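Novice: Provided below: coords07.cif, containing mmCIF, C-alpha atoms.
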```cif
data_protein
#
loop_
_atom_site.group_PDB
_atom_site.id
_atom_site.type_symbol
_atom_site.label_atom_id
_atom_site.label_comp_id
_atom_site.auth_asym_id
_atom_site.auth_seq_id
_atom_site.Cartn_x
_atom_site.Cartn_y
_atom_site.Cartn_z
ATOM 1 C CA GLU Q 1 127.156 100.712 136.271
ATOM 2 C CA THR Q 2 125.320 99.400 133.207
ATOM 3 C CA ASN Q 3 123.631 101.457 130.511
ATOM 4 C CA ILE Q 4 121.593 99.644 127.826
ATOM 5 C CA MET Q 5 122.038 100.788 124.196
ATOM 6 C CA TRP Q 6 122.440 98.947 120.858
ATOM 7 C CA TYR Q 7 125.368 97.778 118.769
ATOM 8 C CA TYR Q 8 125.550 97.342 115.002
ATOM 9 C CA ASN Q 9 128.393 97.228 112.502
ATOM 10 C CA SER Q 10 131.021 98.175 115.105
ATOM 11 C CA GLN Q 11 129.011 101.216 116.149
ATOM 12 C CA ILE Q 12 127.253 101.985 119.418
ATOM 13 C CA ILE Q 13 123.725 103.330 118.918
ATOM 14 C CA LYS Q 14 122.817 105.384 121.993
ATOM 15 C CA THR Q 15 119.304 106.435 120.949
ATOM 16 C CA PRO Q 16 116.840 104.974 118.393
ATOM 17 C CA LYS Q 17 117.334 106.367 114.894
ATOM 18 C CA ALA Q 18 116.555 105.488 111.269
ATOM 19 C CA LEU Q 19 119.126 103.140 109.739
ATOM 20 C CA VAL Q 20 120.083 102.248 106.167
ATOM 21 C CA ILE Q 21 121.044 98.586 105.945
ATOM 22 C CA SER Q 22 121.755 96.958 102.550
ATOM 23 C CA ASP Q 23 120.137 99.936 100.797
ATOM 24 C CA VAL Q 24 116.941 99.540 102.841
ATOM 25 C CA THR Q 25 115.898 102.371 105.152
ATOM 26 C CA TYR Q 26 114.487 101.220 108.475
ATOM 27 C CA PRO Q 27 112.594 103.707 110.664
ATOM 28 C CA ARG Q 28 113.608 104.346 114.271
ATOM 29 C CA GLY Q 29 110.515 102.371 115.330
ATOM 30 C CA ILE Q 30 112.378 99.111 114.725
ATOM 31 C CA PHE Q 31 114.112 99.640 118.072
ATOM 32 C CA ARG Q 32 110.809 98.661 119.711
ATOM 33 C CA ASP Q 33 110.764 95.382 117.716
ATOM 34 C CA ALA Q 34 113.198 92.859 119.182
ATOM 35 C CA ALA Q 35 112.598 90.299 116.407
ATOM 36 C CA THR Q 36 113.431 92.788 113.644
ATOM 37 C CA LEU Q 37 116.536 93.979 115.467
ATOM 38 C CA SER Q 38 117.697 90.389 115.880
ATOM 39 C CA SER Q 39 117.115 89.597 112.194
ATOM 40 C CA LEU Q 40 119.220 92.615 111.193
ATOM 41 C CA GLY Q 41 122.024 91.727 113.567
ATOM 42 C CA ILE Q 42 121.415 94.703 115.843
ATOM 43 C CA LYS Q 43 122.184 93.591 119.381
ATOM 44 C CA PRO Q 44 121.493 95.184 122.754
ATOM 45 C CA TYR Q 45 124.621 96.869 124.091
ATOM 46 C CA SER Q 46 125.606 97.506 127.666
ATOM 47 C CA GLU Q 47 128.628 99.243 129.058
ATOM 48 C CA VAL Q 48 130.413 98.284 132.230
ATOM 49 C CA THR Q 49 132.484 100.968 133.932
ATOM 50 C CA PRO Q 50 134.462 100.778 137.182
ATOM 51 C CA ASP Q 51 133.362 102.605 140.341
ATOM 52 C CA ASN Q 52 134.385 106.168 139.502
ATOM 53 C CA ARG Q 53 134.926 106.975 143.173
ATOM 54 C CA TYR Q 54 138.035 104.799 143.051
ATOM 55 C CA TYR Q 55 138.968 104.276 139.400
ATOM 56 C CA TRP Q 56 139.453 106.196 136.191
ATOM 57 C CA ASN Q 57 138.144 104.541 133.011
ATOM 58 C CA GLY Q 58 141.030 102.574 131.518
ATOM 59 C CA ALA Q 59 141.386 100.429 128.401
ATOM 60 C CA TYR Q 60 138.171 99.625 126.514
ATOM 61 C CA THR Q 61 137.308 96.159 125.191
ATOM 62 C CA VAL Q 62 134.154 94.904 123.488
ATOM 63 C CA ASP Q 63 132.716 91.380 123.452
ATOM 64 C CA THR Q 64 130.313 90.776 120.543
ATOM 65 C CA SER Q 65 130.055 87.000 120.916
ATOM 66 C CA GLY Q 66 126.831 86.818 122.913
ATOM 67 C CA ALA Q 67 123.209 87.845 122.381
ATOM 68 C CA GLU Q 68 124.164 91.124 124.045
ATOM 69 C CA VAL Q 69 127.292 93.087 123.198
ATOM 70 C CA VAL Q 70 129.224 94.193 126.268
ATOM 71 C CA GLY Q 71 131.755 97.015 126.273
ATOM 72 C CA THR Q 72 134.005 97.063 129.304
ATOM 73 C CA TYR Q 73 136.328 99.754 130.620
ATOM 74 C CA ALA Q 74 139.164 98.434 132.727
ATOM 75 C CA GLY Q 75 139.754 100.360 135.918
ATOM 76 C CA THR Q 76 142.820 102.534 136.441
ATOM 77 C CA ALA Q 77 143.206 103.117 140.159
ATOM 78 C CA ARG Q 78 143.000 106.681 141.409
ATOM 79 C CA ASP Q 79 145.885 108.065 143.457
ATOM 80 C CA VAL Q 80 145.767 106.816 147.053
ATOM 81 C CA ALA Q 81 147.187 110.008 148.564
ATOM 82 C CA THR Q 82 144.626 112.157 146.732
ATOM 83 C CA LEU Q 83 141.790 109.921 147.898
ATOM 84 C CA LYS Q 84 143.059 110.057 151.494
ATOM 85 C CA THR Q 85 143.121 113.860 151.370
ATOM 86 C CA ALA Q 86 139.486 113.861 150.249
ATOM 87 C CA MET Q 87 138.599 111.400 153.023
ATOM 88 C CA LEU Q 88 140.231 113.631 155.628
ATOM 89 C CA ASP Q 89 138.376 116.685 154.298
ATOM 90 C CA LYS Q 90 135.126 114.736 154.528
ATOM 91 C CA ALA Q 91 135.829 113.653 158.117
ATOM 92 C CA ASN Q 92 136.837 117.178 159.184
ATOM 93 C CA SER Q 93 133.676 118.633 157.655
ATOM 94 C CA ALA Q 94 131.476 116.048 159.381
ATOM 95 C CA ALA Q 95 133.080 116.771 162.749
ATOM 96 C CA ALA Q 96 132.908 120.544 162.262
ATOM 97 C CA SER Q 97 129.185 120.467 161.468
ATOM 98 C CA ARG Q 98 128.511 118.472 164.627
ATOM 99 C CA HIS Q 99 130.538 120.863 166.771
ATOM 100 C CA ALA Q 100 128.861 123.865 165.140
ATOM 101 C CA ALA Q 101 125.470 122.527 166.199
ATOM 102 C CA ILE Q 102 126.418 122.719 169.885
ATOM 103 C CA ASP Q 103 128.726 125.775 169.955
ATOM 104 C CA TRP Q 104 125.842 127.934 171.160
ATOM 105 C CA TYR Q 105 125.997 126.258 174.576
ATOM 106 C CA TRP Q 106 129.469 127.707 175.115
ATOM 107 C CA SER Q 107 128.493 131.105 173.688
ATOM 108 C CA ARG Q 108 125.603 131.267 176.126
ATOM 109 C CA ALA Q 109 127.798 130.261 179.069
ATOM 110 C CA ASP Q 110 130.487 132.816 178.100
ATOM 111 C CA LYS Q 111 127.867 135.558 178.296
ATOM 112 C CA GLY Q 112 126.999 134.647 181.856
ATOM 113 C CA GLY Q 113 124.115 132.383 180.921
ATOM 114 C CA THR Q 114 123.422 128.767 181.800
ATOM 115 C CA ALA Q 115 126.514 126.618 182.203
ATOM 116 C CA VAL Q 116 127.172 124.029 179.509
ATOM 117 C CA PRO Q 117 125.222 120.874 180.493
ATOM 118 C CA GLY Q 118 127.381 117.948 181.491
ATOM 119 C CA THR Q 119 125.834 115.737 178.818
ATOM 120 C CA ILE Q 120 126.752 118.239 176.081
ATOM 121 C CA ALA Q 121 130.304 118.656 177.397
ATOM 122 C CA THR Q 122 130.681 114.866 177.464
ATOM 123 C CA TYR Q 123 129.322 114.639 173.921
ATOM 124 C CA ALA Q 124 131.788 117.290 172.691
ATOM 125 C CA THR Q 125 134.693 115.429 174.273
ATOM 126 C CA ALA Q 126 133.556 112.184 172.655
ATOM 127 C CA LEU Q 127 133.307 113.957 169.283
ATOM 128 C CA TYR Q 128 136.891 115.179 169.546
ATOM 129 C CA SER Q 129 138.030 111.688 170.492
ATOM 130 C CA GLU Q 130 136.197 109.957 167.627
ATOM 131 C CA HIS Q 131 137.442 112.557 165.165
ATOM 132 C CA GLU Q 132 141.028 111.816 166.203
ATOM 133 C CA THR Q 133 140.375 108.070 165.849
ATOM 134 C CA ILE Q 134 139.033 108.592 162.317
ATOM 135 C CA LYS Q 135 142.021 110.777 161.324
ATOM 136 C CA THR Q 136 144.415 108.138 162.648
ATOM 137 C CA ALA Q 137 142.605 105.383 160.749
ATOM 138 C CA ILE Q 138 142.707 107.366 157.484
ATOM 139 C CA ALA Q 139 146.408 108.107 157.935
ATOM 140 C CA ALA Q 140 147.104 104.385 158.377
ATOM 141 C CA LEU Q 141 145.502 103.408 155.049
ATOM 142 C CA THR Q 142 148.084 102.362 152.459
ATOM 143 C CA ASP Q 143 146.202 101.042 149.441
ATOM 144 C CA LEU Q 144 142.986 101.316 147.449
ATOM 145 C CA ALA Q 145 141.486 98.159 148.950
ATOM 146 C CA GLY Q 146 141.856 99.627 152.422
ATOM 147 C CA ILE Q 147 140.234 102.893 151.366
ATOM 148 C CA MET Q 148 137.292 101.100 149.765
ATOM 149 C CA ALA Q 149 136.807 98.933 152.860
ATOM 150 C CA TYR Q 150 136.886 101.962 155.189
ATOM 151 C CA GLU Q 151 134.372 103.942 153.137
ATOM 152 C CA ASN Q 152 132.015 100.955 152.697
ATOM 153 C CA LYS Q 153 132.269 99.033 155.963
ATOM 154 C CA PRO Q 154 129.499 96.407 156.354
ATOM 155 C CA HIS Q 155 127.374 96.691 159.484
ATOM 156 C CA THR Q 156 124.244 95.040 160.842
ATOM 157 C CA GLU Q 157 121.715 97.466 162.286
ATOM 158 C CA THR Q 158 119.055 96.192 164.684
ATOM 159 C CA ARG Q 159 115.904 98.267 165.038
ATOM 160 C CA LYS Q 160 112.612 97.892 166.869
ATOM 161 C CA THR Q 161 109.761 96.962 164.526
ATOM 162 C CA GLU Q 162 107.055 99.628 164.551
ATOM 163 C CA THR Q 163 103.320 98.940 164.219
ATOM 164 C CA TYR Q 164 100.742 101.476 163.089
ATOM 165 C CA ASP Q 165 96.966 101.793 163.291
ATOM 166 C CA ALA Q 166 94.628 102.118 160.300
ATOM 167 C CA ASP Q 167 95.221 105.875 160.164
ATOM 168 C CA GLY Q 168 98.990 105.455 160.010
ATOM 169 C CA ASN Q 169 99.616 106.527 163.608
ATOM 170 C CA PHE Q 170 102.349 104.800 165.576
ATOM 171 C CA GLU Q 171 101.003 102.208 168.018
ATOM 172 C CA ALA Q 172 103.829 100.220 169.488
ATOM 173 C CA TYR Q 173 107.118 98.425 168.984
ATOM 174 C CA VAL Q 174 106.777 94.668 168.389
ATOM 175 C CA GLY Q 175 110.048 92.770 168.335
ATOM 176 C CA THR Q 176 113.076 93.785 166.277
ATOM 177 C CA HIS Q 177 114.452 93.410 162.758
ATOM 178 C CA THR Q 178 117.868 93.840 161.173
ATOM 179 C CA ASN Q 179 119.155 95.785 158.166
ATOM 180 C CA ALA Q 180 122.454 95.322 156.318
ATOM 181 C CA ARG Q 181 124.238 98.649 155.914
ATOM 182 C CA HIS Q 182 127.507 99.772 154.347
ATOM 183 C CA ILE Q 183 128.803 102.770 156.254
ATOM 184 C CA ASP Q 184 131.361 105.403 155.310
ATOM 185 C CA MET Q 185 133.525 105.435 158.417
ATOM 186 C CA CYS Q 186 134.942 108.852 157.487
ATOM 187 C CA THR Q 187 131.687 110.483 158.534
ATOM 188 C CA HIS Q 188 130.357 107.940 161.035
ATOM 189 C CA PHE Q 189 130.272 109.071 164.646
ATOM 190 C CA SER Q 190 128.787 106.685 167.191
ATOM 191 C CA VAL Q 191 127.882 109.461 169.651
ATOM 192 C CA ASN Q 192 124.819 111.676 169.394
ATOM 193 C CA PRO Q 193 123.429 114.524 171.460
ATOM 194 C CA VAL Q 194 120.981 113.224 174.046
ATOM 195 C CA ASP Q 195 118.048 115.022 172.379
ATOM 196 C CA GLU Q 196 118.698 113.267 169.074
ATOM 197 C CA VAL Q 197 118.353 109.676 170.240
ATOM 198 C CA ASP Q 198 116.372 107.476 167.825
ATOM 199 C CA PRO Q 199 113.822 105.544 169.948
ATOM 200 C CA ALA Q 200 113.647 102.662 167.455
ATOM 201 C CA PHE Q 201 117.407 102.160 167.365
ATOM 202 C CA VAL Q 202 118.772 99.081 169.172
ATOM 203 C CA SER Q 203 122.318 98.524 167.905
ATOM 204 C CA LEU Q 204 124.756 98.958 165.037
ATOM 205 C CA VAL Q 205 127.507 96.365 164.870
ATOM 206 C CA ALA Q 206 130.345 96.046 162.381
ATOM 207 C CA ASP Q 207 130.240 92.691 160.599
#
```
Would you give me this structure, written as C-alpha cells?
Specialist:
Amino acid sequence: ETNIMWYYNSQIIKTPKALVISDVTYPRGIFRDAATLSSLGIKPYSEVTPDNRYYWNGAYTVDTSGAEVVGTYAGTARDVATLKTAMLDKANSAAASRHAAIDWYWSRADKGGTAVPGTIATYATALYSEHETIKTAIAALTDLAGIMAYENKPHTETRKTETYDADGNFEAYVGTHTNARHIDMCTHFSVNPVDEVDPAFVSLVAD
C-alpha cells in the first residue's frame, strides 16, 4: 500500500502547507510546482506498509537517497492461531448463510407440505461435506505462508463471452474467455443450488 506525500528536513508533509525555508515563506501553492519543490529539496514521499491482514507494522526505515523518499515499515507477523480462528469463523459463517437460505424447505416439509426436493437435499449434503473439508484444511495450516496461500489461492475462471445488440440486450454467447482470480478458500463452496446456476460459467480451476 503506497500513499504519496512529501518529505523535507526529516519531516513528512502529509498535506500542502506554507513553509519557511531560510527565512523565506513559501505558500502552500508550491506543492503544485514540481520544479520549485525540487529546487528547495522537497521530495515526494511514499510509505510502504505490509499487508495488514497478515502483519503488524514493525520497524520503520527511511531511504532519502533517490528522487523520491521511501519510508518502509517492516512486517511483524500476526499470530497464526489467532488468524486460524478468524478463518474458521469466516468459513462457519459462510456455510451457515448458505444453509439458512434453504432451511425453509425442511420447515415446509415438517408442516406436512411438499417434501424436500432431492436436488436441495443433495446440495445440503454437499455443503456439509465441503464445510468439513474447509475446516480440516484450516486446521492443517501451520504457518503464515500457508494461511496466505489458502486465503488467496490462484484460479483460472473460464466464462462464455456474451454479445449484446445496440440497445444493450443480450444476444448470444460467442466463444469463451478466461479470468485470473485469487479466491479465499475459507468461503469458497463449489456447489450451488440448482436455481442459482450462472449460464455464462464454464469452469473454475485451481492453478
Novice: Just the residues within 8 Å of stretch 89-94 of chain Q, please, counting all atoms listed in the file, with nothing from its chain fewer than 4 positions along; format it as a list in words.
Specialist: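 The residues that qualify are Thr85, Arg98, His131, Ile134, Lys135, Cys186 and Thr187 of chain Q.
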Novice: Write out as a PyMOL selection string the residues lying within 12 Å of Q:Ala77, counting all atoms listed in the file and excluding same-chain residues fewer than 6 positions away.
Specialist: chain Q and resi 50-58+83+143-145+147-148
Novice: Considering all atoms listed in the file, state which residue in the set Q:Met185, Q:Ile4, Q:Ala67, Q:Ala81 is at the smallest distance from Q:Leu141.
Specialist: Q:Ala81
Novice: Please list as a PyMOL selection string every residue within 9 Å of Q:Val62, counting only C-alpha atoms and excluding residues in the same chain fewer than 6 positions away.
Specialist: chain Q and resi 47+69-73
Novice: Which value, in Å to one decimal, gives the distance between atom CA of Q:Ala100 and atom CA of Q:Ala206?
Specialist: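 So the two atoms, atom CA of Q:Ala100 and atom CA of Q:Ala206, lie 28.0 Å apart.
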Novice: Under the PyMOL selection byres ((chain Q and resi 9-11) around 10), which residues of this model are included? Write them out as a PyMOL selection string.
Specialist: chain Q and resi 6-8+12-14+21+41-43+62+64
Novice: Take the PyMOL selection byres ((chain Q and resi 189-205) around 9), run it mentally on this structure, and tell me the resulting residues as a PDB file with C-alpha atoms, in the coordinates of the input.
Specialist:
```pdb
ATOM      1  CA  ALA Q  94     131.476 116.048 159.381  1.00  0.00           C
ATOM      2  CA  ALA Q  95     133.080 116.771 162.749  1.00  0.00           C
ATOM      3  CA  ILE Q 102     126.418 122.719 169.885  1.00  0.00           C
ATOM      4  CA  THR Q 119     125.834 115.737 178.818  1.00  0.00           C
ATOM      5  CA  ILE Q 120     126.752 118.239 176.081  1.00  0.00           C
ATOM      6  CA  TYR Q 123     129.322 114.639 173.921  1.00  0.00           C
ATOM      7  CA  ALA Q 124     131.788 117.290 172.691  1.00  0.00           C
ATOM      8  CA  ALA Q 126     133.556 112.184 172.655  1.00  0.00           C
ATOM      9  CA  LEU Q 127     133.307 113.957 169.283  1.00  0.00           C
ATOM     10  CA  GLU Q 130     136.197 109.957 167.627  1.00  0.00           C
ATOM     11  CA  HIS Q 131     137.442 112.557 165.165  1.00  0.00           C
ATOM     12  CA  PRO Q 154     129.499  96.407 156.354  1.00  0.00           C
ATOM     13  CA  HIS Q 155     127.374  96.691 159.484  1.00  0.00           C
ATOM     14  CA  THR Q 156     124.244  95.040 160.842  1.00  0.00           C
ATOM     15  CA  GLU Q 157     121.715  97.466 162.286  1.00  0.00           C
ATOM     16  CA  THR Q 158     119.055  96.192 164.684  1.00  0.00           C
ATOM     17  CA  ARG Q 159     115.904  98.267 165.038  1.00  0.00           C
ATOM     18  CA  LYS Q 160     112.612  97.892 166.869  1.00  0.00           C
ATOM     19  CA  THR Q 161     109.761  96.962 164.526  1.00  0.00           C
ATOM     20  CA  GLU Q 162     107.055  99.628 164.551  1.00  0.00           C
ATOM     21  CA  TYR Q 173     107.118  98.425 168.984  1.00  0.00           C
ATOM     22  CA  THR Q 176     113.076  93.785 166.277  1.00  0.00           C
ATOM     23  CA  MET Q 185     133.525 105.435 158.417  1.00  0.00           C
ATOM     24  CA  CYS Q 186     134.942 108.852 157.487  1.00  0.00           C
ATOM     25  CA  THR Q 187     131.687 110.483 158.534  1.00  0.00           C
ATOM     26  CA  HIS Q 188     130.357 107.940 161.035  1.00  0.00           C
ATOM     27  CA  ALA Q 206     130.345  96.046 162.381  1.00  0.00           C
ATOM     28  CA  ASP Q 207     130.240  92.691 160.599  1.00  0.00           C
TER      29      ASP Q 207
END
```
Novice: Grab the atom CA of Q:Asn152 to atom CA of Q:Asp184 distance for me, in Å with one decimal place.
Specialist: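 Interatomic distance, atom CA of Q:Asn152 to atom CA of Q:Asp184: 5.2 Å.
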Novice: Do you have the atom CA of Q:Thr76-atom CA of Q:Pro44 distance handy?
Specialist: 26.4 Å
Novice: Using all atoms listed in the file, which of Q:Pro16, Q:Pro117, Q:Lys111, Q:Thr49 sits nearest Q:Asp33?
Specialist: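 Counting all atoms listed in the file, the residue closest to Q:Asp33 is Q:Pro16.
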Novice: Point out the residue among Q:Ala109, Q:Val80, Q:Tyr128, Q:Thr25 with the least atom-to-atom distance to Q:Ala96, counting all atoms listed in the file.
Specialist: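 Smallest separation from Q:Ala96 among the options: Q:Tyr128.
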Novice: Between Q:Thr136, Q:Tyr60, Q:Gly168, Q:Leu40, which has the minimum distance to Q:Val24 (counting all atoms listed in the file)?
Specialist: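 Among the listed residues, Q:Leu40 lies closest to Q:Val24.
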Novice: Which residues are near Q:Arg32? Cut-off 12 Å, only C-alpha atoms, ignore same chain within fewer than 2 positions. Put them as a PyMOL selection string.
Specialist: chain Q and resi 6+15-17+27-30+34-38+42+44
Novice: With the input short on atoms, add all heavy atoms back to stretch 5-16 of chain Q and write it as a short mmCIF file (atom, residue, chain, number, x, y, z; two decimals), keeping the file's coordinate frame.
Specialist:
```
data_model
loop_
_atom_site.label_atom_id
_atom_site.label_comp_id
_atom_site.auth_asym_id
_atom_site.auth_seq_id
_atom_site.Cartn_x
_atom_site.Cartn_y
_atom_site.Cartn_z
N MET Q 5 122.12 100.11 125.49
CA MET Q 5 122.04 100.79 124.20
C MET Q 5 121.96 99.68 123.14
O MET Q 5 121.48 98.61 123.43
CB MET Q 5 123.26 101.71 124.02
CG MET Q 5 123.26 102.88 125.01
SD MET Q 5 124.79 103.87 125.01
CE MET Q 5 125.82 102.91 126.15
N TRP Q 6 122.42 99.98 121.91
CA TRP Q 6 122.44 98.95 120.86
C TRP Q 6 123.78 98.99 120.14
O TRP Q 6 124.52 99.98 120.20
CB TRP Q 6 121.31 99.16 119.84
CG TRP Q 6 119.95 99.03 120.44
CD1 TRP Q 6 119.19 97.89 120.54
CD2 TRP Q 6 119.16 100.06 121.03
NE1 TRP Q 6 118.00 98.16 121.15
CE2 TRP Q 6 117.96 99.49 121.46
CE3 TRP Q 6 119.38 101.44 121.23
CZ2 TRP Q 6 116.96 100.23 122.09
CZ3 TRP Q 6 118.39 102.17 121.86
CH2 TRP Q 6 117.19 101.56 122.28
N TYR Q 7 124.08 97.90 119.45
CA TYR Q 7 125.37 97.78 118.77
C TYR Q 7 125.13 97.18 117.39
O TYR Q 7 124.47 96.16 117.24
CB TYR Q 7 126.29 96.86 119.58
CG TYR Q 7 127.73 96.85 119.14
CD1 TYR Q 7 128.66 97.74 119.68
CD2 TYR Q 7 128.19 95.90 118.21
CE1 TYR Q 7 129.99 97.70 119.30
CE2 TYR Q 7 129.52 95.87 117.82
CZ TYR Q 7 130.41 96.77 118.37
OH TYR Q 7 131.74 96.74 118.01
N TYR Q 8 125.68 97.86 116.37
CA TYR Q 8 125.55 97.34 115.00
C TYR Q 8 126.73 97.82 114.17
O TYR Q 8 127.10 99.00 114.18
CB TYR Q 8 124.24 97.84 114.35
CG TYR Q 8 124.13 97.44 112.90
CD1 TYR Q 8 123.89 96.10 112.56
CD2 TYR Q 8 124.29 98.37 111.88
CE1 TYR Q 8 123.81 95.71 111.23
CE2 TYR Q 8 124.21 98.00 110.55
CZ TYR Q 8 123.97 96.66 110.22
OH TYR Q 8 123.91 96.28 108.91
N ASN Q 9 127.33 96.88 113.45
CA ASN Q 9 128.39 97.23 112.50
C ASN Q 9 129.51 98.04 113.17
O ASN Q 9 129.96 99.06 112.66
CB ASN Q 9 127.80 98.00 111.32
CG ASN Q 9 128.74 98.06 110.13
OD1 ASN Q 9 129.59 97.18 109.98
ND2 ASN Q 9 128.59 99.07 109.30
N SER Q 10 129.93 97.56 114.33
CA SER Q 10 131.02 98.18 115.10
C SER Q 10 130.68 99.57 115.63
O SER Q 10 131.57 100.32 116.01
CB SER Q 10 132.32 98.24 114.28
OG SER Q 10 132.73 96.94 113.91
N GLN Q 11 129.41 99.91 115.64
CA GLN Q 11 129.01 101.22 116.15
C GLN Q 11 128.04 101.06 117.32
O GLN Q 11 127.18 100.17 117.31
CB GLN Q 11 128.34 102.05 115.06
CG GLN Q 11 129.31 102.48 113.95
CD GLN Q 11 128.65 103.44 112.96
OE1 GLN Q 11 127.43 103.40 112.79
NE2 GLN Q 11 129.45 104.28 112.33
N ILE Q 12 128.18 101.95 118.28
CA ILE Q 12 127.25 101.98 119.42
C ILE Q 12 126.13 102.96 119.07
O ILE Q 12 126.37 104.10 118.68
CB ILE Q 12 127.99 102.45 120.69
CG1 ILE Q 12 129.10 101.47 121.06
CG2 ILE Q 12 127.01 102.59 121.86
CD1 ILE Q 12 130.09 102.01 122.08
N ILE Q 13 124.90 102.49 119.18
CA ILE Q 13 123.72 103.33 118.92
C ILE Q 13 123.11 103.70 120.27
O ILE Q 13 122.55 102.85 120.97
CB ILE Q 13 122.70 102.58 118.04
CG1 ILE Q 13 123.36 102.16 116.72
CG2 ILE Q 13 121.48 103.45 117.78
CD1 ILE Q 13 122.53 101.19 115.90
N LYS Q 14 123.24 104.96 120.65
CA LYS Q 14 122.82 105.38 121.99
C LYS Q 14 121.33 105.70 122.08
O LYS Q 14 120.73 105.55 123.13
CB LYS Q 14 123.64 106.59 122.44
CG LYS Q 14 125.12 106.26 122.62
CD LYS Q 14 125.89 107.42 123.20
CE LYS Q 14 127.35 107.03 123.44
NZ LYS Q 14 128.14 108.14 124.03
N THR Q 15 120.73 106.14 120.97
CA THR Q 15 119.30 106.44 120.95
C THR Q 15 118.72 105.92 119.63
O THR Q 15 119.42 105.90 118.61
CB THR Q 15 119.03 107.95 121.06
OG1 THR Q 15 119.75 108.62 120.02
CG2 THR Q 15 119.46 108.50 122.41
N PRO Q 16 117.45 105.49 119.64
CA PRO Q 16 116.84 104.97 118.39
C PRO Q 16 116.93 105.98 117.26
O PRO Q 16 116.72 107.19 117.47
CB PRO Q 16 115.39 104.72 118.81
CG PRO Q 16 115.46 104.48 120.28
CD PRO Q 16 116.53 105.41 120.78
#
```
